[in-house]
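**Q** This is the structure I want to talk about, given as structure tokens.
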Amino acid sequence: MALESKRMFISVVAAAIIIFSGICYAQNSSEYGFVKHAADAPRVSYHDYIIVGGGTAGCPLAATLSERFDVLVLERGGSPYGNPNISNLASFVENLAYLTPTSPAQRFVSEDGVFNTRARSLGGGTCINAGFYSRASNRDVMDMGLNPKLADQSFRWVERELVFRPQLTEWTSAFRAGLLAAGVTPDNGFTYEHLEGTKVGGTIFDPTGHRHTAADLLKYADPARITVLLRATAQRILFQNVTGQHKNPQAYGVVYKDETGNIHEARLKGSTGEIILSAGALGSPQLLMLSGVGPADHLKSFGIEVVLDQSMVGHGIADNPLNIFAVPSPEPLTITMPQVAGIRPGYYVETLTGFAAAALLGGNYQGGLIGEKLANPLSRGYLRLKNLDPEDNPSVTYNYFTEPEDLRTCVEALQTVMRVIDTQALSQFRNPNQTVEYLQALTASLVVNNRTRSAQDATSLEQYCRDLVLTLSHFHGGCEVGKVVDHEYRVIGVNGLRVIDGSTFSFSPGTNPQATLMMLGRYMGVLIGNGGVEPSD
């Protein structure tokens with residue numbers, strides 16, 4: 001394959017993988033009056049709370065805190081409203097392939113050679129995910145140290161505005177039946193709860209096919225107490241008492257750059273306010289490092305003044321590896337985002353059809369993709385700075401399948417996928433005489449990442465797992481609870497600074513993490529607004 005042709009093919013494949021992570025529609029809504037461009041902001045402003053990142057957790061957090069406090073949100077991306085490239089399903093693949101410094105999805109390739117993406121839009125990952133909504137399990141909520149009652153109330157707060165029951169397509173109905181026939185039982189019907197077996201989950205796509213994002217939760221904000229600045233890229237956190245012998249460094253402000261390149265400062269009004277990082281599993285550890293909080297030797301190598309030598313920042317980052325099987329169909333299939341999940345103790349199975357499948361296998365391809373994702377991978381990696389520019393992606397290594405247990409789970413999951421494909425329920429959607437072994441070889445022939453390939457991919461499931469690993473962009477860690485932040489998400493060793501986003505997770509909760517991230521934003525907003533005391537009602 002010629003180099004330029006290969007580059008174009010890889011770009012299309014990357015777009016397809018991002019689509020498996022989701023398609024972003026804009027709600028038919030005018031922009032909020034309190035949402036402004038950072039270029040129009042004053043050079044210096046003062047607030048009770050400054051939130052860096054208006055994403056999946058940041059939006060519900062900001063809306064809730066604004067009920068009592070003056071809140072500023074610094075969002076490096078633009079608005080999800082009124083952008084035809086975001087809202088128009090027919091142009092979405094083209095939108096993903098057209099990459100600019102301000103596009104809603106920011107592409108990166110991990111050091112493992114896997115294509116990945118991070119959000120760059122108000123609403124965050126809810127603008128570039130697959131829309132599937134499923135809560136964390138009750139056990140996960142307890143393991144996170146959260147109050148189950150307040151967590152349930154926070155989930156319900158999100159669900160009232162954003163979540164809908166999907167209308168199953170013929171393909172998804174057959175996939176659901178195939179899961180059950182393959183032994184992924186019991187049948188749990190439609191539920192937001194995380195239950196082992198087969199379930200129909202929620203979706204943030206409404207019945208008209210439009211996506212609702214975390215930005216919609218800003219409708220609950222007090223417009224007199226909140227300001228959201230778009231195209232506001234945080235450069236560093238400001239600290240005082242950096243050299244104090246008996247006091248922790250105190251965060252008091254954030255330096256940010258607007259889209260014209262001008263520098264602004266946002267500062268806290270007093271000692272009781274806080275800066276909260278909600279910039280995601282890449283953005284939050286990156287900004288801590290750029291601000292002098294991180295491994296001292298690494299920071300010094302970039303000439304960064306060390307505020308706090310914290311070796312665990314950027315450490316322990318992980319991703320949930322995805323592997324797929326392509327299933328060509330003799331008939332065209334209705335476009336389908338994930339609506340049904342098969343939940344097993346170590347992995348999840350989901351499916352989609354439409355643009356992603358066509359982009360992956362070529363313009364004339366028709367059929368579906370069935371994928372399995374590891375639930376709790378043991379393999380861990382790390383995040384490091386590449387340079388001093390916060391607009392660039394950091395260097396990320398996930399170390400997929402370095403732990404043997406992950407490889408064993410992947411093989412078991414792929415065997416389940418193969419049984420599902422081989423069921424009578426899916427037979428009407430498959431080309432005759434194409435065995436699951438043929439489909440393995442077919443999928444193994446695709447260029448889906450930048451990893452070294454083996455001739456054994458078509459016959460060895462172990463090699464298939466390693467070589468054809470993909471991602472749903474459910475990466476997490478880097479600022480984990482108990483290592484970088486305490487159980488109230490305050491940065492250990494620093495005053496006035498918290499991290500509330502997926503970087504604090506030691507695992508990705510639920511089949512898809514967006515529900516838990518939005519819940520956490522609401523949960524912590526309530527807790528902080530109540531002075532750290534859980535409400536009694």
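We label chains A, B, ... in the order they appear in the structure tokens, count residues from 1 in each chain, and number ligands from 1 in the order shown.
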Could you give me, as a Markdown table, a per-residue list for range 315-340 of chain A showing, wherever an atom lies at most 12 Å from an atom of range 206-218 of chain A, the closest pair of atoms and their distance in Å to one decimal, using only C-alpha atoms and sorting by chain then residue number from low to high?

**A**
```
| residue | atom | partner | partner_atom | distance |
| --- | --- | --- | --- | --- |
| A:Ile335 | CA | A:Gly209 | CA | 10.8 |
| A:Thr336 | CA | A:Gly209 | CA | 10.7 |
| A:Met337 | CA | A:Gly209 | CA | 10.5 |
```

**Q** Could you write out that same residue set with all heavy atoms as a PDB file, in the first residue's frame?

**A**
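Saved the output as out_33.pdb:
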```pdb
ATOM      1  N   ILE A 335     -28.534   2.291  10.861  1.00  0.00           N
ATOM      2  CA  ILE A 335     -27.455   2.824  11.690  1.00  0.00           C
ATOM      3  C   ILE A 335     -27.806   2.624  13.160  1.00  0.00           C
ATOM      4  O   ILE A 335     -28.890   2.979  13.615  1.00  0.00           O
ATOM      5  CB  ILE A 335     -27.232   4.320  11.406  1.00  0.00           C
ATOM      6  CG1 ILE A 335     -26.751   4.500   9.960  1.00  0.00           C
ATOM      7  CG2 ILE A 335     -26.232   4.917  12.382  1.00  0.00           C
ATOM      8  CD1 ILE A 335     -26.697   5.936   9.515  1.00  0.00           C
ATOM      9  N   THR A 336     -26.897   2.036  13.897  1.00  0.00           N
ATOM     10  CA  THR A 336     -27.153   1.688  15.288  1.00  0.00           C
ATOM     11  C   THR A 336     -25.952   2.047  16.154  1.00  0.00           C
ATOM     12  O   THR A 336     -24.828   1.630  15.878  1.00  0.00           O
ATOM     13  CB  THR A 336     -27.411   0.176  15.438  1.00  0.00           C
ATOM     14  OG1 THR A 336     -28.473  -0.217  14.573  1.00  0.00           O
ATOM     15  CG2 THR A 336     -27.779  -0.164  16.874  1.00  0.00           C
ATOM     16  N   MET A 337     -26.183   2.833  17.184  1.00  0.00           N
ATOM     17  CA  MET A 337     -25.207   3.041  18.239  1.00  0.00           C
ATOM     18  C   MET A 337     -25.441   1.963  19.310  1.00  0.00           C
ATOM     19  O   MET A 337     -26.495   1.340  19.345  1.00  0.00           O
ATOM     20  CB  MET A 337     -25.355   4.437  18.844  1.00  0.00           C
ATOM     21  CG  MET A 337     -24.930   5.563  17.917  1.00  0.00           C
ATOM     22  SD  MET A 337     -23.149   5.557  17.554  1.00  0.00           S
ATOM     23  CE  MET A 337     -23.126   4.858  15.906  1.00  0.00           C
TER      24      MET A 337
END
```

**Q** Kindly assemble as CSV a list of the range 329-421 of chain A residues that lie within 12 Å of range 137-160 of chain A, each paired with its nearest atom pair and their distance in Å to one decimal, using only C-alpha atoms, sorted first by chain and then by ascending residue number.

**A**
```
residue,atom,partner,partner_atom,distance
A:Ile343,CA,A:Ser137,CA,11.4
A:Pro345,CA,A:Ser137,CA,11.7
A:Ala375,CA,A:Asp140,CA,11.9
A:Asn376,CA,A:Asp140,CA,11.4
```

**Q** Compile the contact shell of His476 in chain A as an MDAnalysis selection string: residues with an atom at most 8 Å away, counting only C-alpha atoms, same-chain residues fewer than 2 positions apart removed.

**A** chainID A and resid 281 317:319 474 478 502:508

**Q** Based on the selection just made, write N, CA, C and O atoms of those residues as a compact mmCIF listing (two decimals), in the first residue's frame.

**A**
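Resulting contents of part12.txt:
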```
# COMPACT_ATOMS: atom_id res chain seq x y z
N ALA A 281 -8.69 12.63 32.17
CA ALA A 281 -7.60 11.75 32.58
C ALA A 281 -6.28 12.10 31.91
O ALA A 281 -5.23 11.64 32.36
N ILE A 317 -2.01 5.24 35.06
CA ILE A 317 -3.06 5.48 34.06
C ILE A 317 -3.33 4.17 33.31
O ILE A 317 -2.44 3.34 33.10
N ALA A 318 -4.58 3.95 32.96
CA ALA A 318 -4.97 2.70 32.31
C ALA A 318 -6.04 2.96 31.26
O ALA A 318 -6.70 4.00 31.26
N ASP A 319 -6.20 2.00 30.36
CA ASP A 319 -7.25 2.05 29.36
C ASP A 319 -7.88 0.67 29.27
O ASP A 319 -7.21 -0.34 29.54
N HIS A 474 -11.93 5.04 27.16
CA HIS A 474 -12.35 5.01 28.56
C HIS A 474 -11.13 5.01 29.48
O HIS A 474 -11.12 4.37 30.53
N GLY A 478 -4.15 8.48 36.88
CA GLY A 478 -3.18 9.57 36.78
C GLY A 478 -3.27 10.54 37.95
O GLY A 478 -2.30 11.23 38.27
N GLY A 502 -12.29 11.68 35.59
CA GLY A 502 -11.88 10.29 35.43
C GLY A 502 -10.44 10.01 35.79
O GLY A 502 -10.07 8.85 35.96
N SER A 503 -9.61 11.04 35.93
CA SER A 503 -8.22 10.79 36.32
C SER A 503 -8.13 10.29 37.75
O SER A 503 -7.11 9.71 38.14
N THR A 504 -9.18 10.48 38.54
CA THR A 504 -9.18 10.02 39.93
C THR A 504 -9.59 8.56 40.06
O THR A 504 -9.46 7.97 41.13
N PHE A 505 -10.09 7.95 38.98
CA PHE A 505 -10.59 6.58 39.03
C PHE A 505 -9.43 5.58 38.96
O PHE A 505 -8.51 5.74 38.17
N SER A 506 -9.54 4.50 39.74
CA SER A 506 -8.62 3.38 39.60
C SER A 506 -9.20 2.31 38.69
O SER A 506 -8.54 1.32 38.38
N PHE A 507 -10.44 2.49 38.25
CA PHE A 507 -11.10 1.61 37.30
C PHE A 507 -12.15 2.43 36.57
O PHE A 507 -12.53 3.52 37.02
N SER A 508 -12.62 1.94 35.42
CA SER A 508 -13.65 2.64 34.67
C SER A 508 -15.00 2.07 35.09
O SER A 508 -15.31 0.91 34.82
```

**Q** Near Ala63 in chain A, counting only C-alpha atoms, which residues have an atom at most 6 Å away, once you skip same-chain residues fewer than 2 positions from it, shown as JSON, numbers by chain?

**A** {"A": [60, 61, 65, 66, 218, 220, 221]}

**Q** Would you work out the distance separating CA of His194 in chain A from CA of Ser134 in chain A, expressed in Å to one decimal?

**A** 6.5 Å

**Q** Give me the residues near Asn431 in chain A as a ChimeraX atom specification, where near means some atom within 8 Å (using only C-alpha atoms) and where sequence neighbours in that chain fewer than 3 positions away do not count.

**A** /A:328-330,434

**Q** Using only C-alpha atoms, determine which residues lie at most 7 Å from Gly197 in chain A, disregarding the query and same-chain residues fewer than 3 positions distant; provide the list as a PyMOL selection string.

**A** chain A and resi 184-188+342-344

**Q** Between A:Ser454, A:Ser301, A:Asn399, A:Gln366, which is the closest to Thr334 in chain A once you count only C-alpha atoms?

**A**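 Among the listed residues, the smallest separation from Thr334 in chain A belongs to A:Gln366.
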
**Q** So what do you get for CA of Pro166 in chain A versus CA of Val436 in chain A, distance-wise?

**A**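 Computed distance, CA of Pro166 in chain A to CA of Val436 in chain A, equals 28.7 Å.
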